[in-house]
$ cat protein24.txt   # compact mmCIF, C-alpha atoms and all ligand atoms
# COMPACT_ATOMS: atom_id res chain seq x y z
CA MET A 1 -31.59 -15.41 8.07
CA ALA A 2 -29.63 -13.23 5.76
CA SER A 3 -31.28 -11.77 2.73
CA SER A 4 -30.16 -12.47 -0.81
CA SER A 5 -27.71 -10.12 -2.49
CA SER A 6 -30.49 -8.70 -4.69
CA ASN A 7 -32.13 -6.86 -1.80
CA VAL A 8 -28.94 -5.72 -0.11
CA ARG A 9 -27.71 -2.25 -1.05
CA SER A 10 -24.16 -2.32 -2.31
CA ALA A 11 -21.29 -0.31 -0.87
CA LEU A 12 -20.36 2.63 -3.06
CA LEU A 13 -16.74 2.85 -4.20
CA PHE A 14 -15.59 6.29 -5.36
CA CYS A 15 -12.05 7.11 -6.37
CA HIS A 16 -9.65 9.81 -7.47
CA PRO A 17 -9.28 9.74 -11.29
CA SER A 18 -5.67 8.55 -10.91
CA MET A 19 -6.91 5.37 -9.19
CA GLU A 20 -9.67 4.30 -11.60
CA GLY A 21 -7.90 1.16 -12.82
CA LEU A 22 -7.33 -0.06 -9.29
CA ALA A 23 -10.92 0.80 -8.26
CA GLU A 24 -12.29 -1.27 -11.16
CA HIS A 25 -10.08 -4.17 -10.10
CA ILE A 26 -11.33 -3.94 -6.50
CA ALA A 27 -15.01 -3.77 -7.49
CA LYS A 28 -14.66 -6.77 -9.82
CA LYS A 29 -12.80 -8.76 -7.22
CA CYS A 30 -15.37 -8.00 -4.49
CA CYS A 31 -18.25 -8.93 -6.79
CA ALA A 32 -16.54 -12.16 -7.84
CA ALA A 33 -16.26 -13.03 -4.17
CA ASN A 34 -19.88 -12.14 -3.60
CA SER A 35 -21.20 -15.67 -3.55
CA GLU A 36 -20.21 -18.66 -1.55
CA THR A 37 -16.45 -18.43 -1.65
CA PHE A 38 -13.25 -19.06 0.23
CA ILE A 39 -11.44 -16.10 1.65
CA PRO A 40 -8.69 -16.05 4.28
CA LEU A 41 -10.00 -15.07 7.70
CA VAL A 42 -6.77 -13.42 8.73
CA THR A 43 -4.54 -11.17 6.65
CA PRO A 44 -1.42 -13.28 6.28
CA VAL A 45 1.70 -11.76 7.77
CA SER A 46 4.34 -14.39 7.12
CA PRO A 47 4.76 -17.29 4.72
CA PHE A 48 3.90 -19.58 7.55
CA SER A 49 0.92 -17.74 8.92
CA PHE A 50 -0.25 -17.43 5.31
CA ALA A 51 -0.02 -21.18 4.90
CA GLU A 52 -1.89 -21.64 8.16
CA SER A 53 -4.65 -19.18 7.35
CA ALA A 54 -5.01 -20.69 3.87
CA ALA A 55 -5.44 -24.06 5.52
CA GLU A 56 -7.98 -22.58 7.90
CA GLN A 57 -10.07 -20.95 5.21
CA ARG A 58 -13.70 -21.63 5.73
CA ARG A 59 -16.73 -21.23 3.51
CA VAL A 60 -18.43 -17.92 4.12
CA LYS A 61 -21.44 -16.38 2.52
CA LYS A 62 -20.87 -12.84 1.27
CA PHE A 63 -23.68 -10.35 1.31
CA GLN A 64 -21.83 -7.22 0.32
CA GLN A 65 -21.51 -5.91 -3.24
CA VAL A 66 -19.13 -3.11 -4.07
CA GLN A 67 -20.35 -0.78 -6.78
CA PHE A 68 -17.76 1.40 -8.50
CA VAL A 69 -19.27 4.81 -9.23
CA LYS A 70 -17.71 7.61 -11.24
CA THR A 71 -20.04 10.43 -10.26
CA ILE A 72 -17.51 12.97 -9.02
CA GLN A 73 -16.74 15.87 -11.36
CA TRP A 74 -13.12 16.89 -10.81
CA ASP A 75 -12.97 20.32 -12.47
CA LYS A 76 -10.90 23.39 -11.69
CA PHE A 77 -11.70 27.09 -11.51
CA LYS A 78 -9.59 29.41 -13.61
CA ASP A 79 -7.38 30.20 -10.63
CA GLY A 80 -6.48 26.51 -10.32
CA TRP A 81 -8.51 25.71 -7.19
CA PRO A 82 -10.77 22.66 -7.41
CA ASN A 83 -14.35 22.92 -8.64
CA LEU A 84 -15.90 19.68 -7.43
CA PHE A 85 -19.35 18.18 -7.68
CA ILE A 86 -20.63 14.82 -6.42
CA ASP A 87 -23.50 13.82 -8.68
CA LYS A 88 -26.41 12.03 -6.95
CA VAL A 89 -24.70 12.53 -3.61
CA ARG A 90 -27.92 11.63 -1.76
CA GLU A 91 -27.30 8.01 -2.73
CA CYS A 92 -24.59 7.98 -0.06
CA ALA A 93 -27.30 8.18 2.63
CA GLY A 94 -27.49 4.95 4.56
CA ARG A 95 -24.75 3.31 2.44
CA ASP A 96 -21.27 2.05 3.19
CA VAL A 97 -19.10 4.51 1.29
CA ILE A 98 -15.49 3.88 0.27
CA PHE A 99 -13.13 6.38 -1.34
CA LEU A 100 -9.91 5.15 -2.95
CA GLY A 101 -7.43 8.01 -3.05
CA SER A 102 -3.87 8.81 -3.91
CA PHE A 103 -1.73 11.57 -2.42
CA HIS A 104 1.08 11.05 -4.92
CA SER A 105 1.67 14.80 -5.18
CA PRO A 106 0.74 17.75 -2.93
CA GLU A 107 -1.38 19.29 -5.74
CA VAL A 108 -3.99 16.52 -5.53
CA VAL A 109 -4.35 16.46 -1.75
CA PHE A 110 -6.73 19.40 -1.24
CA GLU A 111 -9.28 18.24 -3.82
CA GLN A 112 -9.44 14.79 -2.24
CA LEU A 113 -9.65 16.15 1.31
CA SER A 114 -12.59 18.26 0.15
CA ILE A 115 -14.40 15.15 -1.09
CA ILE A 116 -13.65 12.92 1.88
CA TYR A 117 -14.67 15.60 4.39
CA HIS A 118 -18.03 15.88 2.60
CA MET A 119 -19.07 12.28 2.05
CA PRO A 120 -19.81 11.36 5.68
CA ARG A 121 -21.95 14.49 5.99
CA TYR A 122 -24.34 13.09 3.39
CA LEU A 123 -25.43 10.48 5.94
CA ALA A 124 -23.13 7.66 4.84
CA ARG A 125 -23.63 4.63 7.07
CA SER A 126 -19.88 4.07 7.24
CA PHE A 127 -16.89 5.63 5.52
CA LYS A 128 -13.55 4.10 4.56
CA PHE A 129 -10.75 6.10 3.01
CA ILE A 130 -8.27 3.84 1.26
CA LEU A 131 -4.95 5.65 0.97
CA PRO A 132 -2.49 2.94 -0.11
CA TYR A 133 0.54 5.23 0.20
CA PHE A 134 0.87 7.59 3.18
CA PRO A 135 3.31 9.95 1.46
CA THR A 136 4.99 11.94 4.19
CA GLY A 137 5.84 8.76 6.06
CA THR A 138 9.60 9.25 6.16
CA MET A 139 9.23 12.73 7.63
CA GLU A 140 7.97 11.37 10.89
CA ARG A 141 10.71 12.10 13.38
CA ILE A 142 12.65 15.06 14.62
CA ASP A 143 16.41 14.81 15.02
CA THR A 144 17.01 18.55 15.22
CA GLU A 145 14.82 21.31 16.66
CA GLY A 146 13.19 23.16 13.78
CA GLN A 147 12.55 20.14 11.54
CA VAL A 148 8.87 19.83 10.65
CA ALA A 149 7.33 16.36 10.94
CA THR A 150 4.95 16.62 7.97
CA ALA A 151 3.67 13.09 8.65
CA LYS A 152 2.04 14.50 11.77
CA VAL A 153 0.45 17.36 9.82
CA LEU A 154 -1.05 15.02 7.23
CA ALA A 155 -2.32 12.74 9.99
CA MET A 156 -4.01 15.77 11.62
CA LEU A 157 -5.69 16.67 8.33
CA LEU A 158 -6.96 13.10 7.90
CA SER A 159 -8.12 13.01 11.51
CA ALA A 160 -10.68 15.69 10.66
CA ILE A 161 -12.76 13.30 8.50
CA PRO A 162 -16.23 13.43 10.11
CA SER A 163 -17.73 10.36 11.76
CA THR A 164 -20.68 8.45 10.34
CA ALA A 165 -23.70 6.71 11.79
CA ARG A 166 -21.55 3.58 12.29
CA GLY A 167 -18.77 5.51 14.03
CA PRO A 168 -15.37 6.88 13.07
CA ALA A 169 -14.08 6.80 9.51
CA GLN A 170 -11.42 4.17 8.81
CA ILE A 171 -8.23 5.08 6.95
CA VAL A 172 -6.64 2.07 5.27
CA MET A 173 -2.91 2.42 4.51
CA PHE A 174 -0.33 -0.05 3.29
CA ASP A 175 3.18 -0.47 4.71
CA ILE A 176 3.43 2.84 6.49
CA HIS A 177 7.07 3.78 7.04
CA ALA A 178 7.03 3.55 10.83
CA LEU A 179 4.32 1.92 12.93
CA PRO A 180 4.30 4.67 15.62
CA GLU A 181 2.80 6.97 12.97
CA ARG A 182 -0.59 5.44 13.78
CA PHE A 183 -0.50 7.49 16.98
CA TYR A 184 -0.23 10.71 14.98
CA PHE A 185 -3.94 10.26 14.14
CA SER A 186 -6.58 11.44 16.62
CA ASP A 187 -9.21 9.16 18.15
CA GLN A 188 -11.72 10.71 15.73
CA VAL A 189 -10.59 8.23 13.01
CA ILE A 190 -9.31 4.66 12.93
CA PRO A 191 -6.07 4.13 10.99
CA ARG A 192 -5.87 0.57 9.64
CA LEU A 193 -2.36 -0.51 8.78
CA GLU A 194 -2.17 -3.20 6.11
CA SER A 195 0.77 -4.80 4.32
CA ALA A 196 1.47 -5.77 0.72
CA ILE A 197 3.94 -8.44 1.83
CA PRO A 198 1.37 -11.29 1.42
CA LEU A 199 1.37 -10.51 -2.33
CA LEU A 200 5.12 -11.16 -2.42
CA VAL A 201 4.73 -14.27 -0.31
CA LYS A 202 2.35 -15.68 -2.92
CA GLU A 203 5.01 -15.02 -5.55
CA ILE A 204 7.60 -16.83 -3.45
CA PHE A 205 5.32 -19.86 -3.09
CA ASN A 206 5.13 -20.04 -6.90
CA MET A 207 8.90 -20.11 -7.33
CA PRO A 208 10.66 -23.39 -8.17
CA ASP A 209 11.54 -25.51 -5.12
CA ASP A 210 15.30 -25.08 -5.59
CA VAL A 211 14.91 -21.28 -5.54
CA GLN A 212 12.68 -21.34 -2.46
CA ALA A 213 15.16 -23.61 -0.70
CA ASN A 214 18.01 -21.14 -1.27
CA LEU A 215 16.09 -17.93 -0.70
CA SER A 216 17.23 -15.24 1.74
CA VAL A 217 15.56 -11.97 2.57
CA ALA A 218 17.77 -8.88 2.83
CA TYR A 219 16.97 -5.68 4.69
CA PRO A 220 18.89 -2.60 3.52
CA ASP A 221 18.70 -0.87 6.90
CA GLU A 222 17.56 -1.37 10.46
CA GLY A 223 14.24 0.36 9.72
CA ALA A 224 13.32 -2.24 7.09
CA PHE A 225 14.49 -5.06 9.35
CA LYS A 226 12.29 -3.87 12.20
CA ARG A 227 9.25 -3.40 9.94
CA PHE A 228 9.39 -6.62 7.93
CA ASN A 229 11.60 -9.25 9.53
CA HIS A 230 8.73 -10.85 11.48
CA MET A 231 6.82 -11.34 8.22
CA PHE A 232 9.50 -13.66 6.82
CA GLU A 233 10.13 -15.94 9.77
CA GLY A 234 11.72 -19.13 8.51
CA PHE A 235 13.70 -17.47 5.74
CA PRO A 236 17.37 -16.73 6.45
CA SER A 237 17.87 -12.99 6.69
CA ILE A 238 20.66 -10.64 5.67
CA LEU A 239 20.77 -7.47 7.69
CA CYS A 240 22.54 -4.44 6.28
CA THR A 241 23.39 -1.12 7.82
CA LYS A 242 22.96 2.14 5.98
CA ILE A 243 24.66 5.45 6.54
CA ARG A 244 23.17 8.48 4.80
CA ASP A 245 25.81 11.01 3.85
CA GLY A 246 24.06 13.78 1.90
CA ASP A 247 22.96 12.17 -1.36
CA GLN A 248 25.09 9.10 -0.71
CA ARG A 249 23.80 5.90 0.92
CA ILE A 250 26.61 3.71 2.17
CA VAL A 251 25.29 0.18 2.69
CA SER A 252 27.25 -2.68 4.23
CA ILE A 253 26.34 -6.17 5.37
CA LYS A 254 26.06 -6.51 9.13
CA GLU A 255 25.08 -10.18 9.32
CA GLY A 256 23.82 -13.05 7.15
CA GLU A 257 25.08 -15.40 4.43
CA THR A 258 25.03 -14.20 0.82
CA PHE A 259 27.16 -16.73 -1.05
CA GLY A 260 25.07 -18.88 -3.40
CA ARG A 261 21.77 -17.41 -2.17
CA HIS A 262 18.82 -16.07 -4.14
CA VAL A 263 18.18 -12.79 -2.34
CA ILE A 264 15.12 -10.52 -2.21
CA ILE A 265 15.77 -7.05 -0.78
CA ILE A 266 12.69 -5.77 1.06
CA ASP A 267 11.85 -2.15 1.75
CA ASP A 268 8.73 -0.06 2.28
CA LEU A 269 9.49 2.54 -0.38
CA ILE A 270 12.02 3.77 -2.85
CA GLN A 271 12.86 7.36 -3.76
CA THR A 272 16.22 8.01 -5.47
CA GLY A 273 17.02 4.31 -5.53
CA GLY A 274 20.30 4.94 -3.70
CA THR A 275 19.51 2.61 -0.79
CA LEU A 276 18.50 -0.31 -2.99
CA ILE A 277 21.23 0.09 -5.58
CA ASN A 278 23.95 0.16 -2.96
CA CYS A 279 22.40 -2.77 -1.13
CA ALA A 280 22.18 -4.79 -4.38
CA LYS A 281 25.78 -3.98 -5.25
CA VAL A 282 27.10 -5.14 -1.90
CA LEU A 283 25.09 -8.40 -2.16
CA GLN A 284 26.42 -9.02 -5.67
CA LYS A 285 29.94 -8.29 -4.49
CA HIS A 286 29.46 -10.96 -1.82
CA ARG A 287 28.46 -13.45 -4.54
CA ALA A 288 24.71 -13.78 -4.11
CA LEU A 289 23.35 -16.08 -6.86
CA SER A 290 20.60 -13.64 -7.83
CA VAL A 291 19.48 -10.29 -6.42
CA ASN A 292 15.82 -9.21 -6.54
CA ALA A 293 13.90 -6.47 -4.78
CA PHE A 294 10.43 -5.67 -3.48
CA VAL A 295 9.09 -2.30 -2.40
CA THR A 296 5.46 -1.47 -1.73
CA HIS A 297 5.69 2.19 -2.72
CA ALA A 298 7.46 2.94 -6.00
CA VAL A 299 7.81 6.68 -5.39
CA PHE A 300 10.66 7.23 -7.89
CA PRO A 301 10.68 11.04 -8.24
CA GLU A 302 12.24 12.42 -11.41
CA HIS A 303 12.13 9.07 -13.24
CA SER A 304 14.73 7.58 -10.91
CA TRP A 305 13.27 4.14 -11.77
CA LYS A 306 15.35 4.29 -14.94
CA ARG A 307 18.45 3.61 -12.83
CA PHE A 308 17.15 0.01 -12.70
CA THR A 309 16.48 -0.31 -16.43
CA GLU A 310 19.48 1.56 -17.74
CA GLY A 311 22.33 -0.10 -15.97
CA ASP A 312 23.21 1.35 -12.53
CA VAL A 313 22.61 -2.14 -11.21
CA LYS A 314 21.11 -5.33 -12.64
CA LEU A 315 18.32 -6.98 -10.65
CA ASP A 316 16.61 -10.20 -11.69
CA THR A 317 13.10 -9.10 -10.65
CA PHE A 318 11.97 -5.88 -9.00
CA TRP A 319 8.41 -6.21 -7.64
CA ILE A 320 6.43 -3.03 -7.00
CA THR A 321 2.76 -2.40 -6.22
CA ASP A 322 0.31 0.08 -7.71
CA SER A 323 -0.01 2.10 -4.49
CA ILE A 324 1.16 5.04 -6.60
CA PRO A 325 -0.52 5.49 -10.01
CA HIS A 326 2.63 5.73 -12.15
CA ALA A 327 3.73 2.24 -11.05
CA LYS A 328 1.61 0.67 -13.81
CA HIS A 329 3.71 2.46 -16.40
CA ILE A 330 7.01 1.66 -14.69
CA ALA A 331 6.09 -2.02 -14.42
CA GLN A 332 6.04 -2.32 -18.20
CA HIS A 333 9.83 -2.17 -18.13
CA PRO A 334 11.88 -5.18 -17.00
CA PRO A 335 13.04 -6.01 -14.38
CA PHE A 336 9.93 -4.41 -12.83
CA LYS A 337 6.90 -6.55 -12.13
CA LEU A 338 3.58 -5.26 -10.77
CA LEU A 339 1.83 -6.88 -7.84
CA SER A 340 -1.52 -5.11 -7.77
CA LEU A 341 -2.96 -4.12 -4.42
CA GLY A 342 -6.43 -4.78 -5.88
CA ASP A 343 -6.62 -8.27 -4.41
CA ALA A 344 -5.26 -7.15 -1.05
CA ILE A 345 -7.69 -4.22 -0.79
CA SER A 346 -10.72 -6.28 -1.78
CA GLU A 347 -9.80 -8.95 0.77
CA THR A 348 -9.43 -6.21 3.35
CA LEU A 349 -12.85 -4.79 2.51
CA LEU A 350 -14.51 -8.18 2.58
CA SER A 351 -12.94 -9.20 5.84
CA TYR A 352 -13.99 -5.89 7.44
CA ASP A 353 -17.52 -6.56 6.31
CA LEU A 354 -17.41 -9.98 7.89
CA LYS A 355 -16.42 -8.41 11.17
CA GLU A 356 -18.99 -5.64 11.07
O1 LIG X 401 15.61 5.42 -2.48
P1 LIG X 401 16.21 6.24 -1.40
O2 LIG X 401 16.36 7.69 -1.78
O3 LIG X 401 17.50 5.67 -0.90
O4 LIG X 401 15.19 6.29 -0.18
C1 LIG X 401 14.52 5.14 0.28
C2 LIG X 401 14.86 4.83 1.71
O5 LIG X 401 14.42 5.92 2.56
C3 LIG X 401 13.66 5.38 3.64
O6 LIG X 401 14.43 5.02 4.73
P2 LIG X 401 15.25 6.04 5.66
O7 LIG X 401 16.57 6.32 5.01
O8 LIG X 401 14.39 7.19 5.98
O9 LIG X 401 15.64 5.18 6.93
P3 LIG X 401 14.75 4.38 7.98
O10 LIG X 401 14.04 3.27 7.25
O11 LIG X 401 15.76 3.83 8.95
O12 LIG X 401 13.81 5.36 8.60
C4 LIG X 401 13.06 4.11 3.06
O13 LIG X 401 12.67 3.20 4.06
C5 LIG X 401 14.16 3.59 2.15
O14 LIG X 401 15.06 2.73 2.84

$ encode --input "protein24.txt" --output "structure tokens"
Amino acid sequence: MASSSSNVRSALLFCHPSMEGLAEHIAKKCCAANSETFIPLVTPVSPFSFAESAAEQRRVKKFQQVQFVKTIQWDKFKDGWPNLFIDKVRECAGRDVIFLGSFHSPEVVFEQLSIIYHMPRYLARSFKFILPYFPTGTMERIDTEGQVATAKVLAMLLSAIPSTARGPAQIVMFDIHALPERFYFSDQVIPRLESAIPLLVKEIFNMPDDVQANLSVAYPDEGAFKRFNHMFEGFPSILCTKIRDGDQRIVSIKEGETFGRHVIIIDDLIQTGGTLINCAKVLQKHRALSVNAFVTHAVFPEHSWKRFTEGDVKLDTFWITDSIPHAKHIAQHPPFKLLSLGDAISETLLSYDLKE
């Protein structure tokens, strides 16, 4: 017989200061679910599997609380190197410990590695590192001898997270650029690859029937098609090809109907915006009824998001997630709309707990 939540020790959720808003969201969501509640048993991967899993939801009793704690002091020495202190670190002993991080710039990586290498050593029962955006993801392959696959280097650094009493640390990442990157990690850790696509699917289900009936999903290149096409089975697809020529991205339609269709372009991430802008332009030229976009990771270096608010191309809606902290600010400007990963992460945490 399970004990009541009052005598179960909660999981501790720490975070990098840049992720505090998201951490609060996750803790609230997990606590709200911490009673008899419905949660999907399977992370949905397509509109249809989502519908199925929603139908298959069953009543489960939750015993796990997630407590958001802000006890890390993130100071710096005068030379710029981190001066870190985890207050009451002994409370990690015997607890499930979660750290929500963000590697949105190289300057914040070392301080977070220092924390996540330490936490398991303080006798955490289990350790999960939630890293929504795996930043070096597009530098994962070598075309020419001499290129450095920095995705591999970052995976090696993360693979050094120590194990806990319950086994290897888990690293939770969303929409990694290429699935083979999971094999860049050593067996010392368990990479868990999640997707933000179910958040978009929920949006689609809330659209008017006439829009849903005329909806097509466009992929700006073969990479996006391979990664996401199976998640949108049942929707007509438009496959584009992309040629990179220096700073130029030349996008053309390879197959699929555009005339009179409401189109959502899907990609894992956006940097300069060149891929998406050229894809949107070609769809508009081929008389799509409306053109929208979704990317999980709104990287947008050098304020390149302004290309979508100041006229390079006009999209109806551009959904982004908060995998990168500045997305919350960007989403205040139409056509951007934020789909927070908070719900997806809390569901992920709760379903892990069910399986443990
Ligand atoms: O906003 P941009 O500057 O255009 O960059 C974003 C694009 O870069 C990445 O793909 P990549 O070109 O590496 O191709 P791949 O998906 O085939 O690996 C990513 O998947 C986007 O499509």

$ closest_atom_pairs --input "protein24.txt" --of "chain A" --to "ligand LIG 401 (chain X)" --cutoff "7 Å" --atoms "only C-alpha atoms and all ligand atoms" --output "CSV"
residue,atom,partner,partner_atom,distance
A:Thr138,CA,X:LIG401,O8,5.2
A:His177,CA,X:LIG401,O13,6.4
A:Pro220,CA,X:LIG401,O14,6.6
A:Asp221,CA,X:LIG401,O11,5.9
A:Glu222,CA,X:LIG401,O11,5.7
A:Gly223,CA,X:LIG401,O10,3.8
A:Ala224,CA,X:LIG401,O10,5.6
A:Arg244,CA,X:LIG401,O7,6.9
A:Arg249,CA,X:LIG401,O3,6.6
A:Asp267,CA,X:LIG401,O13,5.9
A:Asp268,CA,X:LIG401,O13,5.4
A:Leu269,CA,X:LIG401,C4,5.2
A:Ile270,CA,X:LIG401,O1,4.0
A:Gln271,CA,X:LIG401,O1,3.6
A:Thr272,CA,X:LIG401,O2,3.7
A:Gly273,CA,X:LIG401,O1,3.5
A:Gly274,CA,X:LIG401,O3,4.0
A:Thr275,CA,X:LIG401,O3,3.7
A:Leu276,CA,X:LIG401,O3,6.4

$ axis_aligned_box --input "protein24.txt" --around "range 182-192 of chain A" --padding-each-side "5 Å" --output "JSON"
{"center_x": -6.0, "center_y": 6.0, "center_z": 13.9, "size_x": 21.5, "size_y": 20.9, "size_z": 18.5}

$ residues_around --input "protein24.txt" --residues "Ala165 in chain A" --least-positions-apart "5" --cutoff "12 Å" --atoms "all atoms listed in the file" --output "number ranges by chain"
A: 92-97, 120-127

$ atom_distance --input "protein24.txt" --atom1 "CA of Ala27 in chain A" --atom2 "CA of Ser323 in chain A"
16.4 Å

$ closest_residue --input "protein24.txt" --among "A:Ala280, A:Ile26, A:Val291, A:Val211" --to "Ile253 in chain A" --atoms "only C-alpha atoms"
A:Ala280

$ atom_distance --input "protein24.txt" --atom1 "CA of Ile72 in chain A" --atom2 "CA of Gln112 in chain A"
10.7 Å

$ atom_distance --input "protein24.txt" --atom1 "CA of Pro325 in chain A" --atom2 "CA of Asn229 in chain A"
27.3 Å

$ residues_near_point --input "protein24.txt" --point "(-21.8, 8.0, -9.7)" --cutoff "8 Å" --atoms "only C-alpha atoms" --output "list in words"
Phe14, Phe68, Val69, Lys70, Thr71, Ile72, Ile86, Asp87 and Lys88 of chain A

$ closest_residue --input "protein24.txt" --among "A:Gln147, A:Phe134, A:Gln332, A:Asp209" --to "His297 in chain A" --atoms "only C-alpha atoms"
A:Phe134

$ closest_residue --input "protein24.txt" --among "A:Cys31, A:Cys240, A:Ala298, A:Val66" --to "Leu339 in chain A" --atoms "all atoms listed in the file"
A:Ala298

$ residues_around --input "protein24.txt" --residues "Lys152 in chain A" --least-positions-apart "6" --cutoff "12 Å" --atoms "only C-alpha atoms" --output "ChimeraX atom specification"
/A:134-142,158-159,180-186

$ residues_near_point --input "protein24.txt" --point "(-1.1, -0.1, -8.6)" --cutoff "10 Å" --atoms "all atoms listed in the file" --output "PyMOL selection string"
chain A and resi 19+21-23+25+132+296-298+320-329+331+338-342

$ build_atoms --input "protein24.txt" --residues "range 206-213 of chain A" --atoms "all heavy atoms" --output "compact mmCIF listing (two decimals), keeping the file's coordinate frame"
# COMPACT_ATOMS: atom_id res chain seq x y z
N ASN A 206 5.19 -19.55 -5.51
CA ASN A 206 5.13 -20.04 -6.90
C ASN A 206 6.50 -20.22 -7.53
O ASN A 206 6.60 -20.58 -8.70
CB ASN A 206 4.30 -19.06 -7.75
CG ASN A 206 2.83 -19.19 -7.43
OD1 ASN A 206 2.36 -20.27 -7.09
ND2 ASN A 206 2.10 -18.09 -7.49
N MET A 207 7.55 -19.94 -6.78
CA MET A 207 8.90 -20.11 -7.33
C MET A 207 9.29 -21.59 -7.31
O MET A 207 8.78 -22.35 -6.49
CB MET A 207 9.91 -19.31 -6.49
CG MET A 207 9.78 -17.82 -6.66
SD MET A 207 10.90 -16.98 -5.53
CE MET A 207 10.53 -15.29 -5.94
N PRO A 208 10.22 -21.99 -8.19
CA PRO A 208 10.66 -23.39 -8.17
C PRO A 208 11.24 -23.76 -6.80
O PRO A 208 11.79 -22.90 -6.11
CB PRO A 208 11.77 -23.42 -9.25
CG PRO A 208 11.56 -22.21 -10.08
CD PRO A 208 10.88 -21.19 -9.22
N ASP A 209 11.11 -25.05 -6.45
CA ASP A 209 11.54 -25.51 -5.12
C ASP A 209 13.00 -25.18 -4.83
O ASP A 209 13.34 -24.78 -3.71
CB ASP A 209 11.35 -27.03 -5.00
CG ASP A 209 9.87 -27.37 -4.92
OD1 ASP A 209 9.06 -26.44 -4.74
OD2 ASP A 209 9.54 -28.56 -5.04
N ASP A 210 13.87 -25.32 -5.86
CA ASP A 210 15.30 -25.08 -5.59
C ASP A 210 15.57 -23.60 -5.29
O ASP A 210 16.48 -23.27 -4.55
CB ASP A 210 16.16 -25.58 -6.76
CG ASP A 210 15.85 -24.83 -8.04
OD1 ASP A 210 14.66 -24.65 -8.35
OD2 ASP A 210 16.80 -24.41 -8.73
N VAL A 211 14.74 -22.71 -5.85
CA VAL A 211 14.91 -21.28 -5.54
C VAL A 211 14.41 -21.02 -4.12
O VAL A 211 15.09 -20.38 -3.31
CB VAL A 211 14.16 -20.39 -6.57
CG1 VAL A 211 14.26 -18.92 -6.18
CG2 VAL A 211 14.71 -20.62 -7.97
N GLN A 212 13.22 -21.55 -3.81
CA GLN A 212 12.68 -21.34 -2.46
C GLN A 212 13.65 -21.85 -1.38
O GLN A 212 13.82 -21.22 -0.35
CB GLN A 212 11.35 -22.07 -2.29
CG GLN A 212 10.19 -21.39 -3.00
CD GLN A 212 8.85 -22.04 -2.64
OE1 GLN A 212 8.59 -22.32 -1.49
NE2 GLN A 212 8.04 -22.27 -3.65
N ALA A 213 14.28 -22.99 -1.69
CA ALA A 213 15.16 -23.61 -0.70
C ALA A 213 16.41 -22.77 -0.45
O ALA A 213 17.04 -22.89 0.60
CB ALA A 213 15.55 -25.01 -1.16
